[in-house]
Amino acid sequence: MTKLPEHEYRLLDALEEGSSRSVDELVEATGFDQSLVMAAAKSLSGRDLVSVEEIAREEFIITEEGMSVSRDGLPEKCALVAILDNGGSASFQELPKLLGKDEVRAEVKWLTKKGWCSRESGLLVVTDKGKAAVNDAGPDEVFVCRLAQMERAYTDDLASVGTDVESGLDALKGRSDLFKRKKRVTRRLSLTGEGAKLKRGGVEPAREVTQLTQDLLVSGEWRDVVFKEYDPSLESAECHPGKTHPLQRVIQETRRTFLEMGFEEARSPMVDTAFWVFDALFQPQDHPAREMQDTFYVGNPDRGKLPDPAYVERVRRTHEDGGDTGSTGWRYKWKLSRAEQLVMRTHTTAATIRALAENPNPPRKVFSIGRTFRRENIDQTHLAEFIQIDGIIIDEKADLASLFGTLGEFYRKMGAEEVRFRPSFFPYTEPSAEVFAKLGNLGWVEMCGSGVFRPEVTRPLGCKVPVLAWGGGIERVAMMRFGLDDIRKLYLSDIDWLKGSALCR
Ligand code: PHE
């Protein structure tokens with residue numbers, strides 16, 4: 001005996017080998033509603049026990065208009081009778097009065113079209129065909145009257161009571177107001193060979209359950225129930241739960257990645273003194289990056305507090321003549337007032353240099369993620385406000401190889417197909433390298449700048465070991481991750497894109 005869920009069992013029971021039944025018939029036979037019959041049918045047909053045949057049929061439904069025609073006859077038939085009563089002809093002028101209505105154009109049209117009347121010098125004269133038609137119902141009238149009796153019917157319903165549906169519809173062309181037509185799909189179910197075999201072998205109904213519960217286990221009832229199988233192929237409504245913004249997810253993932261690699265996180269203010277953003281990084285005070293057209297300066301207040309004066313003094317000397325760093329410096333007059341200026345930080349290297357100043361003792365690995373600001377013209381790959389990731393590694397044994405290894409690992413982890421390093425220049429690193437990642441549709445895109453901090457940066461802090469440093473935009477990483485070719489997309493609330501963005505790869 002094969003166990004089947006109750007409603008599948010009843011459906012199978014209602015089907016006979018070698019004949020099919022419509023869903024309506026099965027609704028009647030099983031006492032289930034249509035959706036339950038269909039659910040059982042779907043489940044059974046999924047296991048090839050039942051086959052479902054879909055038949056497209058046309059249904060006709062009588063309208064108010066059609067109802068009144070079935071009672072009173074077609075308007076041209078009424079007109080025909082009235083003209084015959086009038087002696088077999090009527091002038092166009094007297095027609096409205098004769099028919100008891102102002103608008104008689106439709107009647108005239110149908111009377112002449114059907115050949116019941118002919119026009120003869122201002123008169124409408126009943127023809128022989130018209131005379132014969134009075135006592136004879138045409139196919140259009142038969143169709144309408146039959147349909148009116150049934151209210152709604154399929155072609156075969158009408159045909160089964162002797163209606164010539166084809167001629168009826170033909171004669172009714174252009175009279176769409178008398179009835180409506182609807183295409184309907186009806187389904188017929190029949191047993192497959194497999195289904196018939198199963199039924200012959202004996203089936204019995206069993207309770208269908210969706211979950212194995214403690215009760216089922218304890219009572220032993222689990223032996224008698226049928227477990228409903230999952231069907232992941234079933235259609236379901238799309239559902240878009242609230243989720244974290246894609247850019248935010250990349251930020252979180254970046255943070256997690258560095259924390260997992262043993263880094264600590266540092267933060268620094270978005271509005272900072274030029275000292276931390278530029279001077280501590282040995283960026284000369286006349287460096288173009290400091291210009292108004294590249295950096296946002298804060299107007300009020302326009303000055304900030306500087307750190308330990310002894311450190312500031314060492315930075316001044318390093319800029320002017322190299323101080324104790326072994327460098328010749330930039331050879332210009334360093335101004336305290338320029339270092340005090342408040343700016344919107346242009347990079348988060350301000351955060352890592354602050355962290356280095358706080359504790360330059362190796363070994364240390366620090367990263368920072370935060371918003372940065374530059375007076376950029378906004379385009380496909382540039383924003384004036386963006387998120388940067390910066391990192392440093394303070395370690396006696398740190399070298400370029402470990403820098404490239406760390407960065408290569410990070411960007412590949414974030415989805416780069418390939419990572420490349422190219423020599424570059426920054427005032428605070430030597431050697432310096434730019435890191436490029438290959439992003440499918442975009443080709444090679446610059447991801448970050450990197451290098452080994454110069455002694456002019458580390459010595460004033462009393463740090464004597466190599467410090468690897470790098471920094472770059474997070475949006476570029478997000479573009480890589482989401483296959484975007486326009487950075488601005490990340491900041492537009494394109495709801496379809498947001499809904500569609502995958503939560504994981
Ligand atoms: N601060 C640089 C930038 O914003 C990147 C960088 C950081 C380069 C650290 C070298 C070292 O582009």
# chains A, B, ... in the order shown; residues from 1 in each chain; ligands from 1
>>> residues_near_ligand(ligand="ligand 1", cutoff="8 Å", atoms="only C-alpha atoms and all ligand atoms", output="MDAnalysis selection string")
chainID A and resid 346:349 388 390:392 426 428:429 432:434 448:453 468:473
>>> residues_around(residues="Asn86 of chain A", least_positions_apart="4", cutoff="12 Å", atoms="only C-alpha atoms", output="list of chain:residue names")
A:Ala79, A:Leu80, A:Val81, A:Ala82, A:Ala90, A:Ser91, A:Glu94, A:Leu95, A:Lys97, A:Leu98, A:Leu99, A:Leu124, A:Val125, A:Val126
>>> residues_around(residues="segment 187-190 of chain A", least_positions_apart="5", cutoff="10 Å", atoms="only C-alpha atoms", output="compact mmCIF listing (two decimals) with N, CA and C atoms, in the first residue's frame")
# COMPACT_ATOMS: atom_id res chain seq x y z
N LEU A 11 -8.05 12.70 -4.87
CA LEU A 11 -8.04 13.08 -6.28
C LEU A 11 -7.76 11.85 -7.16
N LEU A 12 -6.78 11.08 -6.75
CA LEU A 12 -6.44 9.87 -7.49
C LEU A 12 -7.64 8.92 -7.54
N ALA A 14 -10.70 9.75 -7.50
CA ALA A 14 -11.77 10.26 -8.36
C ALA A 14 -11.44 10.12 -9.85
N LEU A 15 -10.21 9.71 -10.14
CA LEU A 15 -9.83 9.56 -11.55
C LEU A 15 -9.87 8.09 -11.96
N GLU A 16 -10.47 7.85 -13.12
CA GLU A 16 -10.55 6.47 -13.61
C GLU A 16 -9.52 6.27 -14.70
N GLU A 17 -8.97 5.11 -14.76
CA GLU A 17 -8.01 4.80 -15.80
C GLU A 17 -8.68 4.94 -17.17
N GLY A 18 -8.00 5.61 -18.09
CA GLY A 18 -8.51 5.67 -19.46
C GLY A 18 -9.50 6.79 -19.74
N SER A 19 -9.86 7.57 -18.76
CA SER A 19 -10.73 8.72 -19.06
C SER A 19 -10.27 9.93 -18.26
N SER A 20 -10.62 11.10 -18.77
CA SER A 20 -10.17 12.31 -18.08
C SER A 20 -11.36 13.03 -17.46
N ARG A 21 -11.08 13.88 -16.48
CA ARG A 21 -12.15 14.67 -15.86
C ARG A 21 -11.68 16.12 -15.75
N SER A 22 -12.64 17.02 -15.90
CA SER A 22 -12.28 18.43 -15.80
C SER A 22 -12.14 18.81 -14.32
N VAL A 23 -11.49 19.91 -14.10
CA VAL A 23 -11.30 20.37 -12.72
C VAL A 23 -12.66 20.59 -12.05
N ASP A 24 -13.60 21.15 -12.82
CA ASP A 24 -14.93 21.38 -12.25
C ASP A 24 -15.58 20.07 -11.79
N GLU A 25 -15.45 19.06 -12.63
CA GLU A 25 -16.01 17.75 -12.26
C GLU A 25 -15.34 17.21 -11.01
N LEU A 26 -14.03 17.43 -10.94
CA LEU A 26 -13.30 16.91 -9.78
C LEU A 26 -13.62 17.69 -8.51
N MET A 38 -6.25 21.77 -7.65
CA MET A 38 -5.09 22.12 -8.47
C MET A 38 -3.78 21.84 -7.74
N ALA A 41 -3.24 18.24 -7.88
CA ALA A 41 -2.92 17.86 -9.25
C ALA A 41 -1.47 18.20 -9.57
N SER A 45 1.17 15.54 -10.58
CA SER A 45 1.75 15.60 -11.92
C SER A 45 3.26 15.78 -11.82
N LEU A 49 2.22 11.08 -11.92
CA LEU A 49 1.12 10.15 -11.65
C LEU A 49 -0.16 10.60 -12.33
N VAL A 50 -0.22 11.90 -12.59
CA VAL A 50 -1.41 12.49 -13.20
C VAL A 50 -0.94 13.42 -14.30
N SER A 51 -1.67 13.46 -15.41
CA SER A 51 -1.30 14.45 -16.42
C SER A 51 -2.41 15.50 -16.53
N VAL A 52 -1.98 16.71 -16.78
CA VAL A 52 -2.92 17.83 -16.82
C VAL A 52 -2.94 18.36 -18.25
N GLU A 53 -4.13 18.34 -18.84
CA GLU A 53 -4.26 18.83 -20.21
C GLU A 53 -4.93 20.19 -20.16
N GLU A 54 -4.35 21.15 -20.83
CA GLU A 54 -4.95 22.49 -20.81
C GLU A 54 -5.67 22.74 -22.12
N ILE A 55 -6.93 23.11 -22.04
CA ILE A 55 -7.70 23.37 -23.25
C ILE A 55 -8.16 24.82 -23.23
N ALA A 56 -7.78 25.54 -24.27
CA ALA A 56 -8.21 26.94 -24.35
C ALA A 56 -9.60 26.97 -24.97
N GLY A 195 0.42 6.41 -12.70
CA GLY A 195 -0.64 6.68 -11.73
C GLY A 195 -1.61 5.50 -11.66
N ALA A 196 -1.95 4.94 -12.83
CA ALA A 196 -2.87 3.82 -12.87
C ALA A 196 -2.26 2.61 -12.17
>>> select_by_dssp(residues="segment 38-224 of chain A", states="helix (DSSP H, G or I)", output="PyMOL selection string")
chain A and resi 38-46+64-72+75-85+95-99+105-113+128-133+139-150+155-160+165-171+193-201+214-219+221-223
>>> residues_around(residues="segment 496-503 of chain A", least_positions_apart="6", cutoff="9 Å", atoms="only C-alpha atoms", output="PyMOL selection string")
chain A and resi 240-246+249+482+489
>>> write_last_selection(atoms="all heavy atoms", output="tab-separated table (two decimals), in the first residue's frame")
chain	number	residue	atom	x	y	z
A	240	HIS	N	11.19	41.59	-1.00
A	240	HIS	CA	12.40	42.39	-0.78
A	240	HIS	C	12.44	42.92	0.64
A	240	HIS	O	11.91	43.98	0.92
A	240	HIS	CB	12.45	43.55	-1.77
A	240	HIS	CG	12.50	43.10	-3.19
A	240	HIS	ND1	13.63	42.58	-3.76
A	240	HIS	CD2	11.55	43.05	-4.14
A	240	HIS	CE1	13.38	42.25	-5.00
A	240	HIS	NE2	12.12	42.52	-5.26
A	241	PRO	N	13.02	42.15	1.52
A	241	PRO	CA	13.10	42.62	2.90
A	241	PRO	C	14.07	43.79	3.00
A	241	PRO	O	14.89	43.98	2.10
A	241	PRO	CB	13.64	41.41	3.65
A	241	PRO	CG	14.42	40.63	2.62
A	241	PRO	CD	13.75	40.89	1.30
A	242	GLY	N	13.98	44.56	4.06
A	242	GLY	CA	14.93	45.65	4.26
A	242	GLY	C	16.32	45.05	4.37
A	242	GLY	O	16.50	43.96	4.89
A	243	LYS	N	17.30	45.74	3.82
A	243	LYS	CA	18.67	45.23	3.95
A	243	LYS	C	19.65	46.38	3.96
A	243	LYS	O	19.31	47.49	3.58
A	243	LYS	CB	18.98	44.21	2.85
A	243	LYS	CG	18.81	44.74	1.45
A	243	LYS	CD	18.98	43.60	0.45
A	243	LYS	CE	18.68	44.08	-0.95
A	243	LYS	NZ	18.57	43.01	-1.91
A	244	THR	N	20.84	46.05	4.36
A	244	THR	CA	21.87	47.08	4.46
A	244	THR	C	22.27	47.55	3.06
A	244	THR	O	22.34	46.75	2.13
A	244	THR	CB	23.10	46.49	5.17
A	244	THR	OG1	22.65	45.84	6.35
A	244	THR	CG2	24.09	47.55	5.53
A	245	HIS	N	22.51	48.84	2.92
A	245	HIS	CA	22.92	49.41	1.63
A	245	HIS	C	24.21	48.73	1.16
A	245	HIS	O	25.10	48.47	1.96
A	245	HIS	CB	23.13	50.91	1.80
A	245	HIS	CG	23.30	51.62	0.48
A	245	HIS	ND1	24.48	51.60	-0.21
A	245	HIS	CD2	22.43	52.32	-0.26
A	245	HIS	CE1	24.33	52.29	-1.33
A	245	HIS	NE2	23.09	52.73	-1.38
A	246	PRO	N	24.29	48.45	-0.16
A	246	PRO	CA	25.47	47.76	-0.69
A	246	PRO	C	26.80	48.43	-0.30
A	246	PRO	O	27.75	47.73	0.05
A	246	PRO	CB	25.28	47.84	-2.20
A	246	PRO	CG	23.82	47.99	-2.40
A	246	PRO	CD	23.27	48.68	-1.20
A	249	ARG	N	27.61	47.65	3.14
A	249	ARG	CA	28.05	46.26	3.30
A	249	ARG	C	29.52	46.10	2.95
A	249	ARG	O	30.24	45.36	3.61
A	249	ARG	CB	27.20	45.34	2.41
A	249	ARG	CG	25.80	45.14	2.92
A	249	ARG	CD	25.23	43.80	2.47
A	249	ARG	NE	25.24	43.63	1.03
A	249	ARG	CZ	24.28	44.03	0.21
A	249	ARG	NH1	23.21	44.64	0.70
A	249	ARG	NH2	24.38	43.85	-1.08
A	482	PHE	N	30.13	45.14	-7.27
A	482	PHE	CA	28.78	45.11	-7.84
A	482	PHE	C	28.77	45.30	-9.36
A	482	PHE	O	27.71	45.45	-9.96
A	482	PHE	CB	27.90	46.16	-7.17
A	482	PHE	CG	27.75	45.92	-5.70
A	482	PHE	CD1	28.32	46.78	-4.78
A	482	PHE	CD2	27.09	44.79	-5.23
A	482	PHE	CE1	28.22	46.54	-3.42
A	482	PHE	CE2	26.98	44.54	-3.87
A	482	PHE	CZ	27.55	45.42	-2.98
A	489	LYS	N	26.20	55.82	-8.94
A	489	LYS	CA	25.09	54.89	-8.69
A	489	LYS	C	25.00	54.54	-7.19
A	489	LYS	O	23.92	54.29	-6.66
A	489	LYS	CB	25.34	53.63	-9.50
A	489	LYS	CG	24.23	52.63	-9.44
A	489	LYS	CD	23.59	52.50	-10.78
A	489	LYS	CE	22.42	51.56	-10.74
A	489	LYS	NZ	21.70	51.55	-11.98
>>> residues_around(residues="segment 366-383 of chain A", least_positions_apart="6", cutoff="8 Å", atoms="only C-alpha atoms", output="number ranges by chain")
A: 251, 255, 258, 263-267, 270, 293-296, 344-348, 351-352, 355, 389-393, 476, 485-488
>>> closest_atom_pairs(of="segment 166-220 of chain A", to="segment 135-156 of chain A", cutoff="8 Å", atoms="only C-alpha atoms", output="tab-separated table")
residue	atom	partner	partner_atom	distance
A:Ser167	CA	A:Pro139	CA	6.0
A:Gly168	CA	A:Asp140	CA	4.4
A:Leu169	CA	A:Asp140	CA	6.8
A:Asp170	CA	A:Asp140	CA	8.0
A:Ala171	CA	A:Asp140	CA	5.4
A:Leu172	CA	A:Asp140	CA	5.6
A:Leu178	CA	A:Val144	CA	7.6
>>> write_last_selection(atoms="N, CA and C atoms", output="JSON list (two decimals), in the first residue's frame")
[["chain", "number", "residue", "atom", "x", "y", "z"],
["A", 167, "SER", "N", -22.18, 30.69, -37.71],
["A", 167, "SER", "CA", -23.02, 31.65, -38.45],
["A", 167, "SER", "C", -23.53, 32.75, -37.54],
["A", 168, "GLY", "N", -23.85, 32.36, -36.31],
["A", 168, "GLY", "CA", -24.35, 33.34, -35.34],
["A", 168, "GLY", "C", -23.31, 34.44, -35.12],
["A", 169, "LEU", "N", -22.07, 34.02, -34.85],
["A", 169, "LEU", "CA", -21.01, 34.99, -34.60],
["A", 169, "LEU", "C", -20.74, 35.82, -35.84],
["A", 170, "ASP", "N", -20.82, 35.17, -37.01],
["A", 170, "ASP", "CA", -20.60, 35.86, -38.26],
["A", 170, "ASP", "C", -21.63, 36.97, -38.45],
["A", 171, "ALA", "N", -22.91, 36.62, -38.22],
["A", 171, "ALA", "CA", -23.99, 37.59, -38.39],
["A", 171, "ALA", "C", -23.93, 38.71, -37.35],
["A", 172, "LEU", "N", -23.30, 38.40, -36.23],
["A", 172, "LEU", "CA", -23.25, 39.39, -35.14],
["A", 172, "LEU", "C", -21.99, 40.25, -35.18],
["A", 178, "LEU", "N", -23.69, 43.21, -27.40],
["A", 178, "LEU", "CA", -24.71, 42.26, -26.98],
["A", 178, "LEU", "C", -24.17, 41.16, -26.05]]
>>> atom_distance(atom1="atom CA of Val465 of chain A", atom2="atom CA of Thr318 of chain A")
17.9 Å
>>> select_by_dssp(residues="segment 312-376 of chain A", states="strand (DSSP E or B)", output="mmCIF file with all heavy atoms, in the first residue's frame")
data_model
loop_
_atom_site.group_PDB
_atom_site.id
_atom_site.type_symbol
_atom_site.label_atom_id
_atom_site.label_comp_id
_atom_site.auth_asym_id
_atom_site.auth_seq_id
_atom_site.Cartn_x
_atom_site.Cartn_y
_atom_site.Cartn_z
ATOM 1 N N GLN A 341 45.401 75.637 10.150
ATOM 2 C CA GLN A 341 44.175 75.782 9.352
ATOM 3 C C GLN A 341 43.326 74.523 9.426
ATOM 4 O O GLN A 341 43.846 73.406 9.378
ATOM 5 C CB GLN A 341 44.535 76.049 7.885
ATOM 6 C CG GLN A 341 44.961 77.478 7.632
ATOM 7 C CD GLN A 341 45.360 77.664 6.168
ATOM 8 O OE1 GLN A 341 46.032 76.817 5.591
ATOM 9 N NE2 GLN A 341 44.952 78.779 5.602
ATOM 10 N N LEU A 342 41.991 74.749 9.542
ATOM 11 C CA LEU A 342 41.087 73.595 9.590
ATOM 12 C C LEU A 342 40.631 73.233 8.176
ATOM 13 O O LEU A 342 40.234 74.099 7.399
ATOM 14 C CB LEU A 342 39.868 73.905 10.458
ATOM 15 C CG LEU A 342 40.094 73.848 11.967
ATOM 16 C CD1 LEU A 342 38.822 74.263 12.697
ATOM 17 C CD2 LEU A 342 40.514 72.442 12.418
ATOM 18 N N VAL A 343 40.708 71.954 7.879
ATOM 19 C CA VAL A 343 40.273 71.477 6.551
ATOM 20 C C VAL A 343 39.339 70.281 6.736
ATOM 21 O O VAL A 343 39.323 69.647 7.782
ATOM 22 C CB VAL A 343 41.476 71.046 5.679
ATOM 23 C CG1 VAL A 343 42.418 72.198 5.448
ATOM 24 C CG2 VAL A 343 42.206 69.857 6.299
ATOM 25 N N MET A 344 38.563 70.027 5.693
ATOM 26 C CA MET A 344 37.840 68.757 5.637
ATOM 27 C C MET A 344 38.899 67.753 5.194
ATOM 28 O O MET A 344 39.556 67.982 4.167
ATOM 29 C CB MET A 344 36.729 68.805 4.584
ATOM 30 C CG MET A 344 35.774 69.982 4.694
ATOM 31 S SD MET A 344 34.755 69.885 6.145
ATOM 32 C CE MET A 344 33.607 68.611 5.615
ATOM 33 N N ARG A 364 52.703 46.793 15.023
ATOM 34 C CA ARG A 364 51.326 47.307 15.082
ATOM 35 C C ARG A 364 50.742 47.322 13.684
ATOM 36 O O ARG A 364 51.435 47.639 12.726
ATOM 37 C CB ARG A 364 51.314 48.743 15.614
ATOM 38 C CG ARG A 364 50.996 48.876 17.084
ATOM 39 C CD ARG A 364 50.808 50.332 17.421
ATOM 40 N NE ARG A 364 49.413 50.682 17.527
ATOM 41 C CZ ARG A 364 48.940 51.919 17.427
ATOM 42 N NH1 ARG A 364 49.757 52.917 17.173
ATOM 43 N NH2 ARG A 364 47.662 52.160 17.570
ATOM 44 N N LYS A 365 49.478 47.022 13.618
ATOM 45 C CA LYS A 365 48.772 47.120 12.326
ATOM 46 C C LYS A 365 47.490 47.888 12.578
ATOM 47 O O LYS A 365 46.688 47.504 13.420
ATOM 48 C CB LYS A 365 48.444 45.723 11.789
ATOM 49 C CG LYS A 365 49.683 44.872 11.538
ATOM 50 C CD LYS A 365 49.381 43.678 10.656
ATOM 51 C CE LYS A 365 48.859 42.514 11.482
ATOM 52 N NZ LYS A 365 48.774 41.283 10.665
ATOM 53 N N VAL A 366 47.330 48.986 11.876
ATOM 54 C CA VAL A 366 46.186 49.872 12.117
ATOM 55 C C VAL A 366 45.473 50.169 10.792
ATOM 56 O O VAL A 366 46.135 50.342 9.771
ATOM 57 C CB VAL A 366 46.662 51.213 12.731
ATOM 58 C CG1 VAL A 366 45.476 52.112 13.066
ATOM 59 C CG2 VAL A 366 47.517 50.979 13.970
ATOM 60 N N PHE A 367 44.163 50.219 10.850
ATOM 61 C CA PHE A 367 43.434 50.684 9.665
ATOM 62 C C PHE A 367 42.395 51.706 10.092
ATOM 63 O O PHE A 367 42.043 51.808 11.266
ATOM 64 C CB PHE A 367 42.764 49.521 8.915
ATOM 65 C CG PHE A 367 41.500 49.017 9.578
ATOM 66 C CD1 PHE A 367 40.250 49.444 9.136
ATOM 67 C CD2 PHE A 367 41.562 48.144 10.653
ATOM 68 C CE1 PHE A 367 39.089 48.981 9.751
ATOM 69 C CE2 PHE A 367 40.404 47.677 11.272
ATOM 70 C CZ PHE A 367 39.158 48.091 10.818
ATOM 71 N N SER A 368 41.912 52.466 9.107
ATOM 72 C CA SER A 368 40.857 53.439 9.373
ATOM 73 C C SER A 368 39.957 53.535 8.148
ATOM 74 O O SER A 368 40.436 53.513 7.020
ATOM 75 C CB SER A 368 41.470 54.810 9.685
ATOM 76 O OG SER A 368 40.435 55.699 10.018
ATOM 77 N N ILE A 369 38.665 53.592 8.394
ATOM 78 C CA ILE A 369 37.708 53.776 7.295
ATOM 79 C C ILE A 369 36.913 55.028 7.612
ATOM 80 O O ILE A 369 36.419 55.174 8.726
ATOM 81 C CB ILE A 369 36.717 52.596 7.178
ATOM 82 C CG1 ILE A 369 37.467 51.287 6.965
ATOM 83 C CG2 ILE A 369 35.738 52.836 6.043
ATOM 84 C CD1 ILE A 369 36.571 50.079 6.885
ATOM 85 N N GLY A 370 36.817 55.934 6.658
ATOM 86 C CA GLY A 370 36.041 57.131 6.969
ATOM 87 C C GLY A 370 35.805 58.005 5.761
ATOM 88 O O GLY A 370 36.357 57.794 4.675
ATOM 89 N N ARG A 371 34.969 58.998 5.983
ATOM 90 C CA ARG A 371 34.576 59.894 4.912
ATOM 91 C C ARG A 371 35.680 60.917 4.654
ATOM 92 O O ARG A 371 36.282 61.437 5.598
ATOM 93 C CB ARG A 371 33.285 60.609 5.313
ATOM 94 C CG ARG A 371 32.589 61.275 4.159
ATOM 95 C CD ARG A 371 31.174 61.628 4.551
ATOM 96 N NE ARG A 371 30.320 60.442 4.544
ATOM 97 C CZ ARG A 371 29.572 60.078 3.500
ATOM 98 N NH1 ARG A 371 29.563 60.813 2.407
ATOM 99 N NH2 ARG A 371 28.829 59.001 3.553
ATOM 100 N N THR A 372 35.943 61.185 3.407
ATOM 101 C CA THR A 372 36.956 62.171 3.037
ATOM 102 C C THR A 372 36.368 63.116 1.995
ATOM 103 O O THR A 372 35.339 62.810 1.392
ATOM 104 C CB THR A 372 38.200 61.473 2.456
ATOM 105 O OG1 THR A 372 37.778 60.581 1.436
ATOM 106 C CG2 THR A 372 38.940 60.694 3.524
ATOM 107 N N PHE A 373 37.022 64.245 1.811
ATOM 108 C CA PHE A 373 36.440 65.314 0.989
ATOM 109 C C PHE A 373 37.484 65.926 0.066
ATOM 110 O O PHE A 373 38.599 66.225 0.499
ATOM 111 C CB PHE A 373 35.872 66.407 1.902
ATOM 112 C CG PHE A 373 34.963 65.878 2.974
ATOM 113 C CD1 PHE A 373 35.475 65.393 4.179
ATOM 114 C CD2 PHE A 373 33.588 65.832 2.777
ATOM 115 C CE1 PHE A 373 34.643 64.869 5.158
ATOM 116 C CE2 PHE A 373 32.738 65.314 3.756
ATOM 117 C CZ PHE A 373 33.267 64.835 4.951
#
